[in-house]
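> First, the structure itself, so that you have it in front of you.
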Amino acid sequence: MEPDPFADPPTDTAETVAEEATGPSRRDRKKLQTRDELIVQATRLFDAHGFDAVTTEQIAEAADVSQRTFFRHFPSKEAVLYADTDVLREQMRAAFDARPIDEAVTLSVTHAMMAITNDYPNDRDLRYLQARLGSTSAALSAYARAVVQASWEHELTTAIAERLSVDPLEDAHPEILAGAAFSALRAATRQWFSNDGEGDLPEILRRALGAIARLDARAA
């Protein structure tokens with residue numbers, strides 16, 4: 001039986017206690033290394049063979065871990081390709097919350113949405129791969145819309161509602177505005193991908209977001 005590399009040690013050693021006091025423990029670093037390797041191998045396999053043809057077992061084997069270990073890190077192969085979902089959601093929310101409270105809400109939304117593309121120079125190949133695979137895999141496209149973007153849209157809806165001091169279940173404006181913002185993101189991504197990833201995705205997104213300015217809650 002394959003030993004569990006993440007099993008808790010029977011006792012804490014002095015070395016372990018010292019590591020935890022100064023930063024991530026050796027065990028935590030190993031977890032992060034394994035997670036990163038799973039992402040690297042998954043994107044490599046997806047790029048070479050397509051999303052639907054690759055299994056979680058193949059990803060685990062390529063990363064030299066068990067399938068059980070794979071599922072400790074990710075609930076599905078879709079989640080591997082969108083491993084930065086939570087980080088991007090937090091960046092988006094932080095960007096919105098950092099804006100002046102009296103700023104036009106659509107401008108704050110624009111800044112929040114642009115935060116999703118902050119790392120575009122480094123993430124360009126990943127974003128293109130996500131778009132390419134999503135265009136050929138119904139399962140991945142559904143995941144991107146129903147899980148990734150839905151979580152971002154819910155976060156933005158909540159942020160807008162808090163800014164406007166309204167209940168989003170009673171006032172539809174936050175949900176409509178957030179929905180429009182993510183429609184702009186999808187439209188910008190489709191335009192960028194249809195041009196083979198040429199052009200600047202952040203700038204394309206900025207132009208698309210300009211179309212929702214008249215939804216500003218403070219407009220006359």
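Letters A, B, ... mark the chains of the structure tokens in the order given; residue numbers begin at 1 per chain; ligand numbers begin at 1, in order shown.
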Give me the residues near Asn118 in chain A as a PyMOL selection string, where near means some atom within 10 Å (using only C-alpha atoms) and where sequence neighbours in that chain fewer than 3 positions away do not count.
chain A and resi 88+91-92+113-115+121-123+202
> Going by DSSP on the backbone, which residues of range 14-139 of chain A come out as alpha helix (DSSP H)? List them as a PyMOL selection string.
chain A and resi 14-22+26-49+56-62+67-73+77-81+85-97+105-115+120-136+138-139
> Just the residues within 12 Å of Ser141 in chain A, please, counting only C-alpha atoms, with nothing from its chain fewer than 2 positions along; format it as a ChimeraX atom specification.
/A:51-52,78,81-82,130-139,143-149,186
> Grab the residues selected above and save them as a PDB file, in the first residue's frame with N, CA and C atoms.

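Output contents, as saved in result.pdb:
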```
ATOM      1  N   PHE A  51      -8.869  18.769 -23.145  1.00  0.00           N
ATOM      2  CA  PHE A  51      -9.357  18.624 -21.769  1.00  0.00           C
ATOM      3  C   PHE A  51     -10.072  17.296 -21.550  1.00  0.00           C
ATOM      4  N   ASP A  52     -11.000  16.958 -22.415  1.00  0.00           N
ATOM      5  CA  ASP A  52     -11.844  15.786 -22.188  1.00  0.00           C
ATOM      6  C   ASP A  52     -11.059  14.483 -22.235  1.00  0.00           C
ATOM      7  N   GLU A  78     -11.273  19.975 -13.638  1.00  0.00           N
ATOM      8  CA  GLU A  78     -11.633  21.358 -13.961  1.00  0.00           C
ATOM      9  C   GLU A  78     -11.014  22.328 -12.962  1.00  0.00           C
ATOM     10  N   LEU A  81      -7.343  23.324 -13.664  1.00  0.00           N
ATOM     11  CA  LEU A  81      -7.140  24.323 -14.704  1.00  0.00           C
ATOM     12  C   LEU A  81      -7.500  25.723 -14.205  1.00  0.00           C
ATOM     13  N   TYR A  82      -8.425  25.789 -13.254  1.00  0.00           N
ATOM     14  CA  TYR A  82      -8.819  27.083 -12.676  1.00  0.00           C
ATOM     15  C   TYR A  82      -8.365  27.160 -11.218  1.00  0.00           C
ATOM     16  N   GLN A 130      -7.182  28.195 -21.300  1.00  0.00           N
ATOM     17  CA  GLN A 130      -8.526  28.060 -20.735  1.00  0.00           C
ATOM     18  C   GLN A 130      -9.584  28.353 -21.788  1.00  0.00           C
ATOM     19  N   ALA A 131      -9.383  29.415 -22.552  1.00  0.00           N
ATOM     20  CA  ALA A 131     -10.348  29.789 -23.590  1.00  0.00           C
ATOM     21  C   ALA A 131     -10.403  28.735 -24.689  1.00  0.00           C
ATOM     22  N   ARG A 132      -9.238  28.244 -25.092  1.00  0.00           N
ATOM     23  CA  ARG A 132      -9.197  27.245 -26.165  1.00  0.00           C
ATOM     24  C   ARG A 132      -9.861  25.945 -25.740  1.00  0.00           C
ATOM     25  N   LEU A 133      -9.542  25.486 -24.550  1.00  0.00           N
ATOM     26  CA  LEU A 133     -10.133  24.238 -24.074  1.00  0.00           C
ATOM     27  C   LEU A 133     -11.629  24.390 -23.832  1.00  0.00           C
ATOM     28  N   GLY A 134     -12.034  25.552 -23.324  1.00  0.00           N
ATOM     29  CA  GLY A 134     -13.450  25.793 -23.083  1.00  0.00           C
ATOM     30  C   GLY A 134     -14.261  25.834 -24.358  1.00  0.00           C
ATOM     31  N   SER A 135     -13.615  26.207 -25.465  1.00  0.00           N
ATOM     32  CA  SER A 135     -14.328  26.278 -26.746  1.00  0.00           C
ATOM     33  C   SER A 135     -14.597  24.901 -27.340  1.00  0.00           C
ATOM     34  N   THR A 136     -13.907  23.886 -26.822  1.00  0.00           N
ATOM     35  CA  THR A 136     -14.075  22.533 -27.365  1.00  0.00           C
ATOM     36  C   THR A 136     -14.624  21.534 -26.349  1.00  0.00           C
ATOM     37  N   SER A 137     -14.746  21.943 -25.100  1.00  0.00           N
ATOM     38  CA  SER A 137     -15.243  21.049 -24.050  1.00  0.00           C
ATOM     39  C   SER A 137     -16.464  21.659 -23.385  1.00  0.00           C
ATOM     40  N   ALA A 138     -17.611  21.018 -23.575  1.00  0.00           N
ATOM     41  CA  ALA A 138     -18.846  21.512 -22.953  1.00  0.00           C
ATOM     42  C   ALA A 138     -18.744  21.446 -21.436  1.00  0.00           C
ATOM     43  N   ALA A 139     -18.091  20.398 -20.921  1.00  0.00           N
ATOM     44  CA  ALA A 139     -17.971  20.242 -19.473  1.00  0.00           C
ATOM     45  C   ALA A 139     -17.144  21.365 -18.869  1.00  0.00           C
ATOM     46  N   TYR A 143     -18.295  24.471 -16.381  1.00  0.00           N
ATOM     47  CA  TYR A 143     -17.621  24.696 -15.096  1.00  0.00           C
ATOM     48  C   TYR A 143     -17.176  26.146 -14.975  1.00  0.00           C
ATOM     49  N   ALA A 144     -16.596  26.671 -16.044  1.00  0.00           N
ATOM     50  CA  ALA A 144     -16.113  28.051 -16.007  1.00  0.00           C
ATOM     51  C   ALA A 144     -17.255  29.015 -15.719  1.00  0.00           C
ATOM     52  N   ARG A 145     -18.418  28.735 -16.278  1.00  0.00           N
ATOM     53  CA  ARG A 145     -19.561  29.638 -16.108  1.00  0.00           C
ATOM     54  C   ARG A 145     -20.266  29.410 -14.776  1.00  0.00           C
ATOM     55  N   ALA A 146     -20.516  28.132 -14.434  1.00  0.00           N
ATOM     56  CA  ALA A 146     -21.355  27.813 -13.269  1.00  0.00           C
ATOM     57  C   ALA A 146     -20.594  27.787 -11.954  1.00  0.00           C
ATOM     58  N   VAL A 147     -19.289  27.630 -12.016  1.00  0.00           N
ATOM     59  CA  VAL A 147     -18.507  27.556 -10.776  1.00  0.00           C
ATOM     60  C   VAL A 147     -17.579  28.768 -10.646  1.00  0.00           C
ATOM     61  N   VAL A 148     -16.690  28.944 -11.610  1.00  0.00           N
ATOM     62  CA  VAL A 148     -15.691  30.014 -11.503  1.00  0.00           C
ATOM     63  C   VAL A 148     -16.350  31.386 -11.554  1.00  0.00           C
ATOM     64  N   GLN A 149     -17.004  31.689 -12.668  1.00  0.00           N
ATOM     65  CA  GLN A 149     -17.584  33.020 -12.825  1.00  0.00           C
ATOM     66  C   GLN A 149     -18.750  33.247 -11.874  1.00  0.00           C
ATOM     67  N   ARG A 186     -16.878  38.009 -20.491  1.00  0.00           N
ATOM     68  CA  ARG A 186     -17.029  36.922 -21.468  1.00  0.00           C
ATOM     69  C   ARG A 186     -16.910  37.439 -22.896  1.00  0.00           C
TER      70      ARG A 186
END
```
> Neighbours of Leu164 in chain A within 9 Å (only C-alpha atoms; same-chain residues fewer than 4 positions away dropped), as a ChimeraX atom specification?
/A:105,159-160,174,217
> Kindly assemble as CSV a list of the range 74-117 of chain A residues that lie within 12 Å of range 22-42 of chain A, each paired with its nearest atom pair and their distance in Å to one decimal, using only C-alpha atoms, sorted first by chain and then by ascending residue number.

```
residue,atom,partner,partner_atom,distance
A:Phe74,CA,A:Arg35,CA,8.5
A:Ser76,CA,A:Ala42,CA,11.2
A:Lys77,CA,A:Ala42,CA,7.8
A:Glu78,CA,A:Ala42,CA,9.7
A:Ala79,CA,A:Ile39,CA,9.6
A:Val80,CA,A:Ile39,CA,5.8
A:Leu81,CA,A:Ile39,CA,7.0
A:Tyr82,CA,A:Ile39,CA,9.2
A:Ala83,CA,A:Ile39,CA,7.5
A:Asp84,CA,A:Ile39,CA,10.2
```
> Residues of range 99-135 of chain A that approach range 194-198 of chain A to 9 Å or less, counting only C-alpha atoms: could you list each one with the shortest pair of atoms and its distance in Å to one decimal, rows by chain and increasing residue number, as a Markdown table?

```
| residue | atom | partner | partner_atom | distance |
| --- | --- | --- | --- | --- |
| A:Arg124 | CA | A:Gly197 | CA | 8.3 |
| A:Asp125 | CA | A:Gly197 | CA | 8.9 |
| A:Tyr128 | CA | A:Gly197 | CA | 6.5 |
```
> Please write the residues from the selection above to a file, keeping C-alpha atoms, as a PDB file, in the first residue's frame.

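Wrote again-v6.pdb, looks like this:
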```pdb
ATOM      1  CA  ARG A 124      -1.510  35.099 -20.915  1.00  0.00           C
ATOM      2  CA  ASP A 125      -0.726  31.511 -21.972  1.00  0.00           C
ATOM      3  CA  TYR A 128      -5.520  31.385 -23.779  1.00  0.00           C
TER       4      TYR A 128
END
```
> Report as an MDAnalysis selection string all protein, DNA and RNA residues lying within 9 Å of range 209-212 of chain A, evaluated on only C-alpha atoms, omitting residues in the same chain fewer than 2 positions from it.
chainID A and resid 106 109:110 113 177 180:185 188 204:207 214:216
> Identify, on the basis of only C-alpha atoms, every residue whose closest approach to Thr157 in chain A does not exceed 10 Å; exclude the query and any residue fewer than 3 positions from it along the same chain; express the result as a list in words.
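After dropping sequence-adjacent residues, the list is Val109, Ser151, Trp152, Glu153, His154, Ile160, Ala161, Glu162, Arg163, Pro168, Ala172, His173, Pro174, Glu175, Ile176, Leu177, Ala178 and Gly179 of chain A.
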> Rank A:Arg99, A:His111, A:His73, A:Arg93 by their smallest atom-to-atom distance to Thr158 in chain A, using only C-alpha atoms, and report the top residue only.
A:Arg93
